[in-house]
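This report concerns only the one structure given below.
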Amino acid sequence: MAWFVKTETFTAETSALSIEQRRPFLEAHRHWLDQHIGLGRRIRSGFLVDDQRRPGGGGLLIFQASSYADALAWVSQDPMIVEGLVAWQLQEWIPVSGDDWP
């Protein structure tokens with residue numbers, strides 16, 4: 001299995017929403033991830049913050065898939081992408097050092 005990285009930032013329209021307006025979409029995203037973690041997919045997900053720990057820098061999703069096509073098909077189901085809330089990019093990641101993740 002290969003590793004893939006999806007980076008994302010909110011669109012300008014989404015950035016203009018309050019956190020309360022964004023919350024249902026964020027919860028749908030987390031629920032989607034939790035479902036797939038429960039099915040055994042290896043995932044690390046989180047959001048990026050600045051030096052004051054303020055969010056707004058986007059999100060990062062690292063996961064395993066059998067191929068780029070599989071990764072693209074899977075990540076395209078992310079509710080944040082389906083709803084058009086984020087601009088995103090998908091890349092395969094080839095780790096060369098570090099600890100083994102569970």
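Letters for chains follow the order of the structure tokens (A, B, ...), residue numbers begin at 1 for each chain, and ligand numbers begin at 1 in the order shown.
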Residues near segment 10-16 of chain A, anyone? I mean within 10 Å using only C-alpha atoms, not counting same-chain ones fewer than 6 positions away, as a PyMOL selection string. chain A and resi 22+56-59+80+84-88
Written file, previous selection with N, CA and C atoms, as a tab-separated table (two decimals), in the first residue's frame:
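As written to disk, selection05.tsv reads:
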```tsv
chain	number	residue	atom	x	y	z
A	22	ARG	N	-19.73	26.61	9.49
A	22	ARG	CA	-18.87	25.56	8.94
A	22	ARG	C	-18.99	24.24	9.71
A	56	GLY	N	-6.75	28.05	10.27
A	56	GLY	CA	-6.96	28.83	9.07
A	56	GLY	C	-5.95	28.51	7.99
A	57	GLY	N	-4.96	27.69	8.34
A	57	GLY	CA	-3.93	27.34	7.37
A	57	GLY	C	-4.29	26.17	6.48
A	58	GLY	N	-5.44	25.58	6.70
A	58	GLY	CA	-5.86	24.45	5.88
A	58	GLY	C	-5.83	23.15	6.64
A	59	GLY	N	-5.92	22.07	5.89
A	59	GLY	CA	-5.95	20.75	6.48
A	59	GLY	C	-4.99	19.81	5.78
A	80	MET	N	-16.09	17.45	2.45
A	80	MET	CA	-15.55	18.79	2.22
A	80	MET	C	-15.32	19.03	0.73
A	84	GLY	N	-17.72	21.21	-2.21
A	84	GLY	CA	-16.98	22.30	-2.83
A	84	GLY	C	-16.47	23.34	-1.84
A	85	LEU	N	-16.19	22.91	-0.60
A	85	LEU	CA	-15.78	23.84	0.45
A	85	LEU	C	-14.28	24.10	0.48
A	86	VAL	N	-13.51	23.25	-0.20
A	86	VAL	CA	-12.06	23.38	-0.14
A	86	VAL	C	-11.44	23.30	-1.53
A	87	ALA	N	-10.33	23.99	-1.66
A	87	ALA	CA	-9.43	23.77	-2.79
A	87	ALA	C	-8.43	22.74	-2.29
A	88	TRP	N	-8.11	21.74	-3.09
A	88	TRP	CA	-7.30	20.65	-2.58
A	88	TRP	C	-6.34	20.11	-3.63
```
Which residues, written as a VMD selection string, have at least one atom at most 7 Å from segment 29-44 of chain A, with only C-alpha atoms counted and residues fewer than 5 positions away on the same chain left out? chain A and resid 61 to 64 78 to 80
Serialized selection, C-alpha atoms, as a compact mmCIF listing (two decimals), in the first residue's frame:
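This is the output file again.txt:
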```
# COMPACT_ATOMS: atom_id res chain seq x y z
CA LEU A 61 -4.88 14.16 5.38
CA ILE A 62 -2.35 11.33 5.13
CA PHE A 63 -3.70 7.89 4.22
CA GLN A 64 -2.93 4.63 2.50
CA ASP A 78 -14.77 13.53 1.32
CA PRO A 79 -17.78 15.70 2.23
CA MET A 80 -15.55 18.79 2.22
```
Name the residues in contact with segment 71-75 of chain A at a cut-off of 9 Å, using only C-alpha atoms, excluding same-chain residues fewer than 4 positions from it; report them as a short mmCIF file (atom, residue, chain, number, x, y, z; two decimals) with C-alpha atoms, in the first residue's frame.
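Listed below is the output, out17.cif:
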```
data_model
loop_
_atom_site.label_atom_id
_atom_site.label_comp_id
_atom_site.auth_asym_id
_atom_site.auth_seq_id
_atom_site.Cartn_x
_atom_site.Cartn_y
_atom_site.Cartn_z
CA TRP A 3 0.87 6.62 1.22
CA PHE A 4 -0.96 9.70 -0.07
CA LYS A 6 -4.28 15.51 0.54
CA PHE A 63 -3.70 7.89 4.22
CA GLN A 64 -2.93 4.63 2.50
CA ALA A 65 -4.39 3.40 -0.76
CA SER A 66 -3.44 0.76 -3.29
CA SER A 67 -2.89 3.25 -6.13
CA ILE A 81 -14.71 18.09 -1.42
CA LEU A 90 -3.55 15.02 -3.83
CA GLU A 92 1.57 10.29 -3.39
#
```
Interatomic distance between atom CA of Met1 of chain A and atom CA of Ala28 of chain A? 26.3 Å
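Taking atom CA of Trp93 of chain A as the reference point, atom CA of Tyr68 of chain A is found at 10.4 Å.
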List every residue of chain A that DSSP, applied to the backbone, labels as strand (DSSP E), and write the result as a PyMOL selection string. chain A and resi 2-10+43-49+55-65+86-93
Using only C-alpha atoms, please write the residues we just selected to a file, as an mmCIF file, in the first residue's frame.
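Final file, again32.cif:
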```cif
data_model
loop_
_atom_site.group_PDB
_atom_site.id
_atom_site.type_symbol
_atom_site.label_atom_id
_atom_site.label_comp_id
_atom_site.auth_asym_id
_atom_site.auth_seq_id
_atom_site.Cartn_x
_atom_site.Cartn_y
_atom_site.Cartn_z
ATOM 1 C CA ALA A 2 1.225 3.459 -0.867
ATOM 2 C CA TRP A 3 0.868 6.622 1.224
ATOM 3 C CA PHE A 4 -0.959 9.697 -0.073
ATOM 4 C CA VAL A 5 -1.297 13.262 1.158
ATOM 5 C CA LYS A 6 -4.281 15.513 0.545
ATOM 6 C CA THR A 7 -3.739 19.168 1.382
ATOM 7 C CA GLU A 8 -6.636 21.582 1.444
ATOM 8 C CA THR A 9 -7.592 25.153 2.153
ATOM 9 C CA PHE A 10 -11.049 26.618 2.511
ATOM 10 C CA ILE A 43 -5.468 7.650 8.198
ATOM 11 C CA ARG A 44 -3.910 10.650 9.897
ATOM 12 C CA SER A 45 -5.943 13.842 9.657
ATOM 13 C CA GLY A 46 -5.718 17.301 11.144
ATOM 14 C CA PHE A 47 -5.728 21.018 10.558
ATOM 15 C CA LEU A 48 -2.874 23.485 10.322
ATOM 16 C CA VAL A 49 -2.409 26.413 12.711
ATOM 17 C CA PRO A 55 -6.565 27.645 12.626
ATOM 18 C CA GLY A 56 -6.960 28.830 9.069
ATOM 19 C CA GLY A 57 -3.927 27.339 7.367
ATOM 20 C CA GLY A 58 -5.861 24.449 5.876
ATOM 21 C CA GLY A 59 -5.955 20.752 6.484
ATOM 22 C CA LEU A 60 -3.758 17.734 5.967
ATOM 23 C CA LEU A 61 -4.881 14.163 5.379
ATOM 24 C CA ILE A 62 -2.354 11.331 5.132
ATOM 25 C CA PHE A 63 -3.697 7.893 4.218
ATOM 26 C CA GLN A 64 -2.932 4.630 2.498
ATOM 27 C CA ALA A 65 -4.391 3.402 -0.764
ATOM 28 C CA VAL A 86 -12.061 23.379 -0.138
ATOM 29 C CA ALA A 87 -9.430 23.774 -2.788
ATOM 30 C CA TRP A 88 -7.304 20.647 -2.578
ATOM 31 C CA GLN A 89 -4.384 18.728 -3.973
ATOM 32 C CA LEU A 90 -3.555 15.023 -3.835
ATOM 33 C CA GLN A 91 -0.049 13.625 -4.031
ATOM 34 C CA GLU A 92 1.573 10.287 -3.394
ATOM 35 C CA TRP A 93 4.039 10.464 -0.502
#
```
